[in-house]
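Note: the block below is upload_2.cif and it holds mmCIF, C-alpha atoms and all ligand atoms.
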```cif
data_target
loop_
_atom_site.label_atom_id
_atom_site.label_comp_id
_atom_site.auth_asym_id
_atom_site.auth_seq_id
_atom_site.Cartn_x
_atom_site.Cartn_y
_atom_site.Cartn_z
CA MET L 24 23.99 -12.94 11.18
CA ASN L 25 22.24 -9.70 12.16
CA ASN L 26 18.50 -9.70 12.72
CA PRO L 27 16.54 -7.94 9.98
CA SER L 28 15.83 -4.33 10.93
CA LEU L 29 12.43 -2.69 11.05
CA LEU L 30 11.63 0.95 11.75
CA ILE L 31 8.16 1.49 13.16
CA LEU L 32 6.48 4.88 12.70
CA PRO L 33 3.03 4.72 14.35
CA GLY L 34 2.21 8.34 13.51
CA ASP L 35 -1.09 9.88 14.57
CA GLY L 36 -4.61 8.92 15.66
CA ILE L 37 -5.39 5.23 15.24
CA GLY L 38 -1.89 4.74 13.81
CA GLN L 39 -0.71 4.40 17.42
CA GLU L 40 -3.45 1.91 18.31
CA VAL L 41 -3.12 -0.40 15.32
CA MET L 42 0.67 -0.44 15.59
CA ALA L 43 0.44 -1.68 19.18
CA GLU L 44 -1.34 -4.77 17.82
CA VAL L 45 1.38 -5.32 15.21
CA ARG L 46 3.89 -5.20 18.06
CA LYS L 47 2.11 -8.23 19.56
CA VAL L 48 2.62 -10.13 16.31
CA ILE L 49 6.30 -9.13 16.15
CA ASP L 50 6.78 -10.33 19.74
CA TRP L 51 4.95 -13.57 18.94
CA LEU L 52 7.24 -14.27 15.97
CA GLY L 53 10.28 -13.72 18.18
CA GLN L 54 9.02 -15.97 20.96
CA LYS L 55 7.26 -18.73 19.03
CA ARG L 56 9.01 -18.80 15.65
CA ASP L 57 12.46 -17.64 16.71
CA LEU L 58 12.15 -14.89 14.12
CA LYS L 59 13.63 -11.79 15.68
CA PHE L 60 13.79 -8.26 14.35
CA ASP L 61 15.82 -5.26 15.40
CA VAL L 62 12.86 -2.97 15.92
CA SER L 63 13.26 0.77 16.42
CA GLU L 64 10.46 3.28 16.75
CA ASP L 65 10.26 6.95 15.85
CA LEU L 66 7.89 9.83 15.18
CA VAL L 67 6.21 10.90 11.95
CA GLY L 68 3.40 13.28 11.01
CA GLY L 69 1.71 15.39 13.65
CA ALA L 70 3.45 13.46 16.42
CA ALA L 71 6.82 14.51 14.99
CA TYR L 72 5.64 18.08 14.43
CA ASP L 73 4.61 18.35 18.10
CA VAL L 74 8.12 17.43 19.23
CA HIS L 75 10.41 18.69 16.45
CA GLY L 76 8.35 21.30 14.59
CA THR L 77 8.64 19.18 11.42
CA PRO L 78 6.62 16.13 10.31
CA LEU L 79 9.79 14.12 9.68
CA HIS L 80 13.08 14.82 11.46
CA ASP L 81 16.27 14.38 9.42
CA ASP L 82 17.46 11.69 11.85
CA THR L 83 14.27 9.72 11.24
CA MET L 84 14.73 10.06 7.49
CA ALA L 85 18.31 8.80 7.79
CA ARG L 86 17.16 5.86 9.88
CA ALA L 87 14.46 4.99 7.34
CA GLN L 88 17.15 4.85 4.66
CA SER L 89 19.27 2.45 6.67
CA VAL L 90 16.76 -0.22 7.77
CA ASP L 91 15.47 -3.24 5.86
CA ALA L 92 11.88 -1.99 6.02
CA VAL L 93 9.70 0.79 7.44
CA LEU L 94 6.19 0.17 8.78
CA LEU L 95 4.02 3.27 9.14
CA GLY L 96 0.63 3.62 10.88
CA ALA L 97 -1.11 6.78 9.69
CA VAL L 98 -0.60 10.54 9.76
CA GLY L 99 -2.84 13.58 10.10
CA GLY L 100 -5.72 14.84 12.14
CA PRO L 101 -7.85 17.95 12.70
CA LYS L 102 -5.32 19.39 15.16
CA TYR L 103 -2.92 19.89 12.25
CA ASP L 104 -5.36 20.99 9.53
CA ASN L 105 -4.40 24.66 9.73
CA LEU L 106 -0.63 24.20 9.69
CA ASP L 107 1.40 25.63 6.85
CA PHE L 108 1.47 23.26 3.85
CA SER L 109 5.23 22.70 4.30
CA VAL L 110 4.83 21.15 7.76
CA LYS L 111 1.52 19.33 7.39
CA PRO L 112 1.69 15.72 8.67
CA GLU L 113 1.28 14.31 5.13
CA ARG L 114 4.53 16.03 4.12
CA GLY L 115 6.38 13.59 6.37
CA LEU L 116 4.97 10.63 4.48
CA LEU L 117 5.61 12.24 1.09
CA ARG L 118 9.22 12.95 2.07
CA LEU L 119 9.74 9.31 3.01
CA ARG L 120 8.32 8.13 -0.33
CA LYS L 121 10.32 10.66 -2.32
CA GLU L 122 13.72 10.34 -0.66
CA MET L 123 13.52 6.55 -0.53
CA ASP L 124 12.54 6.71 -4.24
CA LEU L 125 9.68 4.26 -3.74
CA PHE L 126 8.52 4.00 -7.33
CA SER L 127 6.46 0.82 -7.14
CA ASN L 128 3.29 0.95 -5.09
CA LEU L 129 1.67 -2.42 -4.41
CA ARG L 130 -2.02 -2.33 -3.58
CA PRO L 131 -3.57 -5.76 -3.11
CA ALA L 132 -7.34 -6.07 -3.44
CA GLN L 133 -8.17 -9.33 -1.79
CA CYS L 134 -11.66 -10.32 -0.75
CA PHE L 135 -11.79 -12.61 2.25
CA ASP L 136 -14.79 -14.91 1.82
CA ALA L 137 -16.18 -13.94 5.20
CA LEU L 138 -16.39 -10.32 4.03
CA ALA L 139 -17.83 -10.84 0.55
CA ASP L 140 -21.15 -9.37 1.73
CA PHE L 141 -19.42 -6.04 2.42
CA SER L 142 -18.64 -5.47 -1.23
CA SER L 143 -20.86 -3.24 -3.31
CA LEU L 144 -20.71 -5.95 -6.00
CA LYS L 145 -22.54 -9.26 -6.03
CA LYS L 146 -20.93 -11.86 -3.79
CA GLU L 147 -20.11 -14.25 -6.66
CA LEU L 148 -18.17 -11.50 -8.47
CA VAL L 149 -15.85 -10.80 -5.55
CA SER L 150 -15.67 -13.98 -3.50
CA GLY L 151 -12.09 -15.23 -3.71
CA LEU L 152 -10.92 -12.06 -5.49
CA ASP L 153 -7.16 -11.57 -5.30
CA ILE L 154 -5.69 -8.77 -7.44
CA MET L 155 -2.42 -6.89 -7.09
CA ILE L 156 -2.23 -3.39 -8.52
CA VAL L 157 1.29 -2.16 -9.23
CA ARG L 158 1.13 1.62 -9.52
CA GLU L 159 4.04 3.84 -10.54
CA LEU L 160 4.40 6.24 -7.62
CA THR L 161 7.14 8.81 -8.21
CA SER L 162 6.52 10.26 -11.66
CA GLY L 163 3.73 11.06 -14.13
CA SER L 164 1.07 13.76 -13.78
CA TYR L 165 1.61 14.38 -10.06
CA PHE L 166 5.25 15.36 -10.58
CA GLY L 167 5.70 16.40 -14.23
CA GLU L 168 6.81 19.95 -15.14
CA PRO L 169 5.54 22.45 -16.10
CA ARG L 170 2.84 22.61 -13.49
CA GLY L 171 0.94 25.42 -11.85
CA ILE L 172 -1.80 27.96 -12.38
CA PHE L 173 -0.80 30.65 -14.86
CA ILE L 174 -2.42 33.66 -16.51
CA GLU L 175 -2.95 33.60 -20.26
CA ASP L 176 -4.89 36.37 -22.01
CA ASN L 177 -6.06 37.59 -18.61
CA LYS L 178 -7.56 34.16 -17.83
CA ARG L 179 -6.26 31.52 -15.44
CA VAL L 180 -4.99 28.26 -16.85
CA GLY L 181 -4.18 25.18 -14.72
CA ILE L 182 -1.40 22.95 -16.01
CA ASN L 183 -0.09 19.53 -15.05
CA THR L 184 2.18 17.45 -17.21
CA GLN L 185 2.06 13.71 -17.76
CA ARG L 186 5.72 12.84 -18.29
CA TYR L 187 7.42 9.44 -18.24
CA THR L 188 10.93 8.48 -19.23
CA GLU L 189 11.55 5.00 -20.56
CA ASP L 190 13.69 4.16 -17.53
CA GLU L 191 10.81 5.02 -15.20
CA ILE L 192 8.46 2.75 -17.14
CA ASP L 193 11.07 0.02 -17.43
CA ARG L 194 11.70 -0.29 -13.69
CA VAL L 195 8.07 -0.38 -12.63
CA ALA L 196 7.27 -2.85 -15.42
CA ARG L 197 9.98 -5.17 -14.07
CA SER L 198 8.49 -4.82 -10.62
CA ALA L 199 5.08 -5.93 -11.97
CA PHE L 200 6.51 -8.87 -13.92
CA GLU L 201 8.48 -10.04 -10.87
CA MET L 202 5.28 -9.78 -8.83
CA ALA L 203 3.39 -11.82 -11.43
CA ARG L 204 6.00 -14.59 -11.23
CA ARG L 205 5.30 -14.85 -7.49
CA ARG L 206 1.57 -15.09 -8.23
CA ASN L 207 -0.35 -16.33 -11.28
CA ASN L 208 2.06 -15.14 -13.97
CA LYS L 209 -0.32 -12.67 -15.58
CA VAL L 210 0.05 -8.89 -16.07
CA CYS L 211 -2.48 -6.50 -17.58
CA SER L 212 -0.91 -3.11 -18.32
CA MET L 213 -3.29 -0.13 -18.42
CA GLU L 214 -2.75 3.27 -20.05
CA LYS L 215 -4.41 5.50 -22.63
CA ALA L 216 -2.25 4.79 -25.68
CA ASN L 217 -5.22 5.72 -27.87
CA VAL L 218 -5.06 9.41 -26.87
CA MET L 219 -1.74 10.04 -25.01
CA GLU L 220 1.84 9.86 -26.29
CA SER L 221 3.01 8.94 -22.79
CA GLY L 222 0.60 6.01 -23.08
CA ILE L 223 2.12 4.93 -26.40
CA LEU L 224 5.59 4.98 -24.86
CA TRP L 225 4.28 3.13 -21.79
CA ARG L 226 2.85 0.34 -23.98
CA ASP L 227 6.02 0.14 -26.10
CA VAL L 228 8.40 -0.08 -23.14
CA VAL L 229 6.27 -2.61 -21.25
CA THR L 230 6.15 -4.74 -24.42
CA GLU L 231 9.93 -4.47 -24.86
CA VAL L 232 10.73 -5.38 -21.23
CA HIS L 233 8.35 -8.32 -21.53
CA ALA L 234 9.92 -9.60 -24.76
CA ALA L 235 13.46 -9.19 -23.44
CA ASP L 236 13.18 -10.72 -19.98
CA TYR L 237 9.69 -11.88 -19.04
CA SER L 238 8.20 -13.73 -21.99
CA ASP L 239 7.12 -16.51 -19.58
CA VAL L 240 4.59 -14.05 -18.07
CA GLU L 241 1.26 -13.58 -19.87
CA LEU L 242 0.96 -9.90 -20.84
CA SER L 243 -2.12 -8.02 -22.03
CA HIS L 244 -2.82 -4.31 -22.53
CA MET L 245 -6.00 -2.40 -21.85
CA TYR L 246 -7.02 1.24 -22.05
CA ALA L 247 -7.39 2.47 -18.49
CA ASP L 248 -11.02 3.52 -18.89
CA ALA L 249 -11.93 0.08 -20.23
CA GLY L 250 -9.89 -1.40 -17.38
CA ALA L 251 -11.95 0.51 -14.84
CA MET L 252 -15.13 -0.88 -16.39
CA GLN L 253 -13.74 -4.41 -16.37
CA LEU L 254 -12.71 -4.02 -12.72
CA VAL L 255 -16.30 -3.55 -11.64
CA ARG L 256 -17.80 -5.89 -14.27
CA ALA L 257 -15.61 -8.97 -13.80
CA PRO L 258 -12.70 -8.24 -11.43
CA LYS L 259 -11.55 -11.85 -11.13
CA GLN L 260 -10.19 -11.78 -14.70
CA PHE L 261 -7.16 -9.85 -13.37
CA ASP L 262 -4.07 -10.96 -11.48
CA VAL L 263 -1.44 -8.16 -11.60
CA ILE L 264 -2.49 -4.77 -13.01
CA LEU L 265 0.39 -2.48 -13.99
CA THR L 266 -0.38 1.19 -14.39
CA ASP L 267 0.90 4.73 -13.99
CA ASN L 268 0.59 7.12 -11.08
CA LEU L 269 -2.62 8.94 -12.04
CA PHE L 270 -4.61 5.97 -13.36
CA GLY L 271 -3.22 3.82 -10.55
CA ASP L 272 -4.56 6.23 -7.97
CA LEU L 273 -8.08 5.76 -9.33
CA LEU L 274 -7.89 2.08 -10.21
CA SER L 275 -6.38 1.01 -6.87
CA ASP L 276 -9.06 2.82 -4.87
CA THR L 277 -11.75 1.32 -7.07
CA ALA L 278 -10.34 -2.19 -6.72
CA ALA L 279 -9.85 -1.77 -2.99
CA MET L 280 -13.46 -0.90 -2.40
CA LEU L 281 -14.56 -4.10 -4.13
CA THR L 282 -13.33 -5.86 -1.05
CA GLY L 283 -15.17 -4.04 1.74
CA SER L 284 -13.67 -1.96 4.54
CA LEU L 285 -10.76 0.46 4.65
CA GLY L 286 -9.76 -1.29 7.87
CA MET L 287 -8.67 -4.34 5.86
CA LEU L 288 -6.44 -2.79 3.19
CA PRO L 289 -2.63 -3.02 3.33
CA SER L 290 -0.08 -1.53 0.95
CA ALA L 291 3.62 -1.57 0.17
CA SER L 292 5.84 0.89 -1.66
CA LEU L 293 9.09 -0.50 -2.99
CA GLY L 294 12.22 1.12 -4.41
CA SER L 295 15.46 -0.09 -5.92
CA PRO L 296 17.37 -2.99 -4.37
CA MET L 297 19.77 -2.09 -1.53
CA ALA L 298 23.23 -3.62 -1.07
CA ASN L 299 21.64 -6.70 0.55
CA GLY L 300 19.46 -7.26 -2.52
CA ARG L 301 16.22 -6.29 -0.76
CA PRO L 302 14.24 -3.37 -2.12
CA LYS L 303 13.88 -0.21 -0.07
CA ALA L 304 10.42 -0.57 1.36
CA LEU L 305 7.68 1.25 3.21
CA TYR L 306 4.60 -0.67 4.35
CA GLU L 307 1.44 1.07 5.52
CA PRO L 308 -2.30 0.56 5.77
CA VAL L 309 -4.32 2.42 3.15
CA HIS L 310 -6.49 4.11 5.78
CA GLY L 311 -5.75 7.40 7.53
CA SER L 312 -5.65 8.37 11.18
CA ALA L 313 -9.47 8.08 11.58
CA PRO L 314 -9.93 11.00 14.02
CA ASP L 315 -13.59 10.05 14.47
CA ILE L 316 -12.64 6.85 16.34
CA ALA L 317 -9.08 7.64 17.47
CA GLY L 318 -8.34 6.98 21.14
CA GLN L 319 -11.45 4.83 21.55
CA ASN L 320 -9.93 1.39 21.03
CA LYS L 321 -12.31 0.80 18.10
CA ALA L 322 -9.94 0.68 15.13
CA ASN L 323 -9.51 -2.44 13.05
CA PRO L 324 -5.81 -3.34 13.25
CA SER L 325 -6.04 -5.81 10.33
CA ALA L 326 -4.83 -3.42 7.61
CA CYS L 327 -1.67 -2.65 9.57
CA VAL L 328 -1.17 -6.32 10.51
CA LEU L 329 -1.61 -7.29 6.85
CA SER L 330 0.87 -4.57 5.85
CA PHE L 331 3.36 -6.22 8.18
CA ALA L 332 2.53 -9.55 6.47
CA MET L 333 3.55 -7.91 3.18
CA ALA L 334 6.82 -6.85 4.84
CA LEU L 335 7.40 -10.45 5.90
CA ARG L 336 6.89 -11.57 2.31
CA TYR L 337 8.63 -8.85 0.30
CA SER L 338 11.37 -7.57 2.63
CA PHE L 339 12.17 -10.46 4.96
CA ASP L 340 11.76 -13.55 2.73
CA GLN L 341 9.31 -15.02 5.20
CA GLY L 342 6.52 -15.98 2.83
CA ALA L 343 5.37 -18.90 5.02
CA GLU L 344 4.99 -16.64 8.07
CA ALA L 345 3.16 -14.08 5.92
CA ASP L 346 0.76 -16.83 4.78
CA ARG L 347 0.27 -17.89 8.41
CA LEU L 348 -0.56 -14.35 9.50
CA GLU L 349 -2.97 -13.71 6.63
CA ALA L 350 -4.67 -17.05 7.27
CA ALA L 351 -5.04 -16.15 10.96
CA VAL L 352 -6.79 -12.87 10.09
CA GLU L 353 -9.06 -14.64 7.60
CA SER L 354 -9.90 -17.38 10.09
CA ILE L 355 -10.88 -14.86 12.78
CA LEU L 356 -13.19 -13.07 10.39
CA GLY L 357 -14.73 -16.42 9.47
CA LYS L 358 -15.51 -16.97 13.15
CA GLY L 359 -17.39 -13.68 13.24
CA ILE L 360 -14.84 -11.89 15.43
CA ARG L 361 -14.95 -8.35 14.02
CA THR L 362 -14.28 -4.74 14.84
CA GLY L 363 -17.10 -2.21 14.43
CA ASP L 364 -16.23 -1.30 10.83
CA LEU L 365 -17.01 -4.89 9.78
CA MET L 366 -20.30 -5.33 11.62
CA GLN L 367 -23.53 -5.66 9.65
CA SER L 368 -26.43 -3.70 11.11
CA ASP L 369 -27.92 -6.94 12.45
CA GLY L 370 -24.51 -8.18 13.69
CA GLY L 371 -23.52 -9.02 17.25
CA LYS L 372 -21.08 -7.23 19.50
CA ALA L 373 -17.99 -5.68 17.95
CA VAL L 374 -14.60 -6.47 19.46
CA SER L 375 -12.13 -3.71 20.32
CA CYS L 376 -8.83 -3.05 18.59
CA THR L 377 -6.89 -4.76 21.38
CA GLU L 378 -9.29 -7.72 21.44
CA MET L 379 -8.85 -8.13 17.70
CA GLY L 380 -5.07 -8.13 18.18
CA ASP L 381 -5.38 -10.71 20.98
CA ALA L 382 -7.61 -12.87 18.77
CA ILE L 383 -4.94 -12.82 16.04
CA ILE L 384 -2.36 -14.05 18.55
CA LEU L 385 -4.67 -16.83 19.76
CA GLU L 386 -5.24 -17.88 16.17
CA LEU L 387 -1.50 -17.85 15.49
CA ASN L 388 -0.97 -20.04 18.57
CA ALA L 389 -3.50 -22.50 17.19
CA THR L 390 -1.36 -22.97 14.06
CA LEU L 391 1.60 -24.35 16.03
P1 LIG L 401 -9.56 7.79 7.25
O1 LIG L 401 -9.05 6.63 6.47
O2 LIG L 401 -8.74 8.19 8.41
O3 LIG L 401 -11.04 7.47 7.75
C1 LIG L 401 -12.15 7.29 6.86
C2 LIG L 401 -13.27 6.50 7.60
O4 LIG L 401 -12.86 5.13 7.71
C3 LIG L 401 -13.52 7.00 9.02
O5 LIG L 401 -14.90 6.89 9.30
C4 LIG L 401 -12.74 6.03 9.89
O6 LIG L 401 -13.27 5.86 11.18
C5 LIG L 401 -12.81 4.74 9.07
N1 LIG L 401 -11.60 3.92 9.26
C6 LIG L 401 -10.39 4.14 8.70
N2 LIG L 401 -9.52 3.22 9.11
C7 LIG L 401 -10.19 2.41 9.96
C8 LIG L 401 -9.80 1.27 10.73
N3 LIG L 401 -8.55 0.77 10.70
N4 LIG L 401 -10.73 0.69 11.52
C9 LIG L 401 -11.99 1.16 11.54
N5 LIG L 401 -12.41 2.22 10.84
C10 LIG L 401 -11.51 2.85 10.05
O7 LIG L 401 -9.72 9.01 6.23
P2 LIG L 401 -10.10 10.53 6.53
O8 LIG L 401 -11.13 10.59 7.62
O9 LIG L 401 -10.43 11.09 5.20
O10 LIG L 401 -8.77 11.22 7.04
C11 LIG L 401 -8.43 11.42 8.39
C12 LIG L 401 -7.01 11.95 8.51
O11 LIG L 401 -6.11 10.96 8.01
C13 LIG L 401 -6.78 13.19 7.66
O12 LIG L 401 -5.92 14.05 8.38
C14 LIG L 401 -6.10 12.69 6.41
O13 LIG L 401 -5.28 13.64 5.81
C15 LIG L 401 -5.29 11.53 6.98
N6 LIG L 401 -4.97 10.47 6.03
C16 LIG L 401 -3.76 9.89 6.17
C17 LIG L 401 -3.41 8.82 5.37
C18 LIG L 401 -2.07 8.16 5.62
O14 LIG L 401 -1.49 8.35 6.66
N7 LIG L 401 -1.59 7.35 4.69
C19 LIG L 401 -4.30 8.33 4.42
C20 LIG L 401 -5.56 8.92 4.32
C21 LIG L 401 -5.89 10.00 5.14
#
```

structure tokens encoding of this file:
Amino acid sequence: MNNPSLLILPGDGIGQEVMAEVRKVIDWLGQKRDLKFDVSEDLVGGAAYDVHGTPLHDDTMARAQSVDAVLLGAVGGPKYDNLDFSVKPERGLLRLRKEMDLFSNLRPAQCFDALADFSSLKKELVSGLDIMIVRELTSGSYFGEPRGIFIEDNKRVGINTQRYTEDEIDRVARSAFEMARRRNNKVCSMEKANVMESGILWRDVVTEVHAADYSDVELSHMYADAGAMQLVRAPKQFDVILTDNLFGDLLSDTAAMLTGSLGMLPSASLGSPMANGRPKALYEPVHGSAPDIAGQNKANPSACVLSFAMALRYSFDQGAEADRLEAAVESILGKGIRTGDLMQSDGGKAVSCTEMGDAIILELNATL
């Protein structure tokens, strides 16, 4: 049987540095767990623009469509800020998401006990927190037509349209229910059915999909504004939160910050199943290219390593290895081994990006 295939796109800034640490984990899995991947690497973002004059070459796009999973570092940086909109580094990432039709964005908000002090909430509210936000990613207000800035009665008017078809809601709802079955079997769907027709349809379709195929999963509904309040009041009441593109953008950032540093946050974006039954998938840390620390060996590689753990779980059916990797990261943090972003003002010496990667490998070795 062929090895599973993985396309690595380190991108710009610290994307390059954190991806080098993921490479160590990939090598470790091959050597110590006999789990081998066909890994290829390519350019995205500013790095691709520098070579090809475009943030994503067509060949790279075609390769992304053909592999089992894509792992991306980060794109962007001040060097590219003044480029034309059409070739900005972020356009490369948006093209990947759009052409792979990655409609289901998974944003875990998990608080490692060792980092509970980093949350802006009280420790007891976040300690042990483990939420998964499933956000619709390819439709809704960010894509709906008509959109634009128009002139009416000699005055400007800005228009965006919140538009969802029932098929779009159906497929992301299924994604959330499937996710819940892998976790604690609980979904809370959030919309604004009290004031938006798209919200009424959202609630109806989610309820129908649930009744037809997922009645074993506990389903509740909440207005998104109330959901935001509950997220900061008592976040542990949630397991899977299902929501649309616009509300998901806000709710996932809110939930993520409950857990501490950007350097710890992974994400996955999934599409429809391919011929082999696996979903099209792009995994990436939530953070950007961090120009302020790029090239200084200071970045925390955990978010990218944890994104690869998500790939192990959701694309490669290697849940046990994903658990092992996540446990290794948690154990290191518990020992006080931390990059600068996770140091308290009274803390000791921060480790470098490469030292953090080495510590993860040592911890993985200790599990054998
Ligand atoms: P950023 O996430 O790059 O950085 C925000 C802050 O968090 C910085 O102080 C940075 O040093 C810190 N930080 C981020 N990741 C870290 C890590 N792994 N370890 C330690 N510290 C970390 O956001 P920004 O500064 O707003 O954006 C910088 C560039 O990245 C911009 O060009 C932006 O467009 C781009 N960006 C890309 C993505 C992406 O590729 N998905 C996401 C966000 C921003």

Report, as JSON, the centre and edge lengths in Å (one decimal) of the axis-aligned box enclosing every listed atom of ligand LIG 401 (chain L), padded by 5 Å on each side.
```
{"center_x": -8.2, "center_y": 7.4, "center_z": 7.9, "size_x": 23.4, "size_y": 23.4, "size_z": 17.2}
```

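Near ligand LIG 401 (chain L), at a distance of at most 7 Å and with only C-alpha atoms and all ligand atoms counted, sit the residues Gly96, Ala97, Val98, Gly99, Gly100, Pro101, Glu113, Leu285, Gly286, Pro308, Val309, His310, Gly311, Ser312, Ala313, Pro314, Asp315, Ile316, Lys321, Ala322, Asn323, Pro324, Ala326, Gly363 and Asp364 of chain L.
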
Take the residues just selected and output them with C-alpha atoms as a short mmCIF file (atom, residue, chain, number, x, y, z; two decimals), in the frame of the given file.
```cif
data_model
loop_
_atom_site.label_atom_id
_atom_site.label_comp_id
_atom_site.auth_asym_id
_atom_site.auth_seq_id
_atom_site.Cartn_x
_atom_site.Cartn_y
_atom_site.Cartn_z
CA GLY L 96 0.63 3.62 10.88
CA ALA L 97 -1.11 6.78 9.69
CA VAL L 98 -0.60 10.54 9.76
CA GLY L 99 -2.84 13.58 10.10
CA GLY L 100 -5.72 14.84 12.14
CA PRO L 101 -7.85 17.95 12.70
CA GLU L 113 1.28 14.31 5.13
CA LEU L 285 -10.76 0.46 4.65
CA GLY L 286 -9.76 -1.29 7.87
CA PRO L 308 -2.30 0.56 5.77
CA VAL L 309 -4.32 2.42 3.15
CA HIS L 310 -6.49 4.11 5.78
CA GLY L 311 -5.75 7.40 7.53
CA SER L 312 -5.65 8.37 11.18
CA ALA L 313 -9.47 8.08 11.58
CA PRO L 314 -9.93 11.00 14.02
CA ASP L 315 -13.59 10.05 14.47
CA ILE L 316 -12.64 6.85 16.34
CA LYS L 321 -12.31 0.80 18.10
CA ALA L 322 -9.94 0.68 15.13
CA ASN L 323 -9.51 -2.44 13.05
CA PRO L 324 -5.81 -3.34 13.25
CA ALA L 326 -4.83 -3.42 7.61
CA GLY L 363 -17.10 -2.21 14.43
CA ASP L 364 -16.23 -1.30 10.83
#
```

Query - Exercise: Met245 (chain L) partners within 8 Å, all atoms listed in the file, chain neighbours under 6 positions left out, as a ChimeraX atom specification - result: /L:211-214

Just C-alpha atoms for this one: save the residues we selected as a PDB file, in the frame of the given file.
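Saved as selection_38.pdb:
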```pdb
ATOM      1  CA  CYS L 211      -2.480  -6.500 -17.580  1.00  0.00           C
ATOM      2  CA  SER L 212      -0.910  -3.110 -18.320  1.00  0.00           C
ATOM      3  CA  MET L 213      -3.290  -0.130 -18.420  1.00  0.00           C
ATOM      4  CA  GLU L 214      -2.750   3.270 -20.050  1.00  0.00           C
TER       5      GLU L 214
END
```

**Report entry** Of the listed residues L:Gly69, L:Leu129, L:Ser198, L:Val218, that which approaches Ala334 (chain L) most closely, counting all atoms listed in the file
**Finding:**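 The shortest atom-to-atom distance to Ala334 (chain L) comes from L:Leu129.
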
Requested in this report: Just give me the residues with any atom within 8 Å of (1.7, 6.8, -10.6), file coordinates, counting all atoms listed in the file, written as a ChimeraX atom specification.
Outcome: /L:158-165,266-272

Query raised in the report: Between CA of Arg46 (chain L) and CA of Gly359 (chain L), what is the spacing in Å?
Result: 23.4 Å

Query raised in the report: How far is it from CA of Ser295 (chain L) to CA of Leu125 (chain L), in Å with one decimal?
Result: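 Answer for the CA of Ser295 (chain L) to CA of Leu125 (chain L) separation: 7.6 Å.
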
Query raised in the report: Mind pulling up the distance from CA of Lys209 (chain L) to CA of Phe166 (chain L)?
Result: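 Going from CA of Phe166 (chain L) over to CA of Lys209 (chain L) covers 29.0 Å.
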
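Of the listed residues L:Ile360, L:Ala203, L:Ala71, L:Ile223, the one whose atoms come nearest to Ile383 (chain L) is L:Ile360, with distances taken using all atoms listed in the file.
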
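Comparing L:Ser290, L:Ser375, L:Ser243, L:Ser354 by their smallest distance to Asn320 (chain L), the closest is L:Ser375 (using all atoms listed in the file).
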
**Report entry** Point (-20.7, -13.5, -5.4) neighbourhood (12 Å, all atoms listed in the file) written as a count of residues only
**Finding:** 24

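Closest to Ile355 (chain L) among L:Asp381, L:Glu220, L:Gln185, L:Arg130 is L:Asp381, based on all atoms listed in the file.
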
Report task. May I ask which of the residues L:Asp176, L:Glu40, L:Glu378, L:Glu344 is the closest one to Asp57 (chain L), counting all atoms listed in the file? Result -> L:Glu344

Query raised in the report: When distances are computed from all atoms listed in the file, which of L:Leu329, L:Val62, L:Met287, L:Val229 shows the smallest separation from Thr362 (chain L)?
Result: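 Distance minimum relative to Thr362 (chain L) lands on L:Met287.
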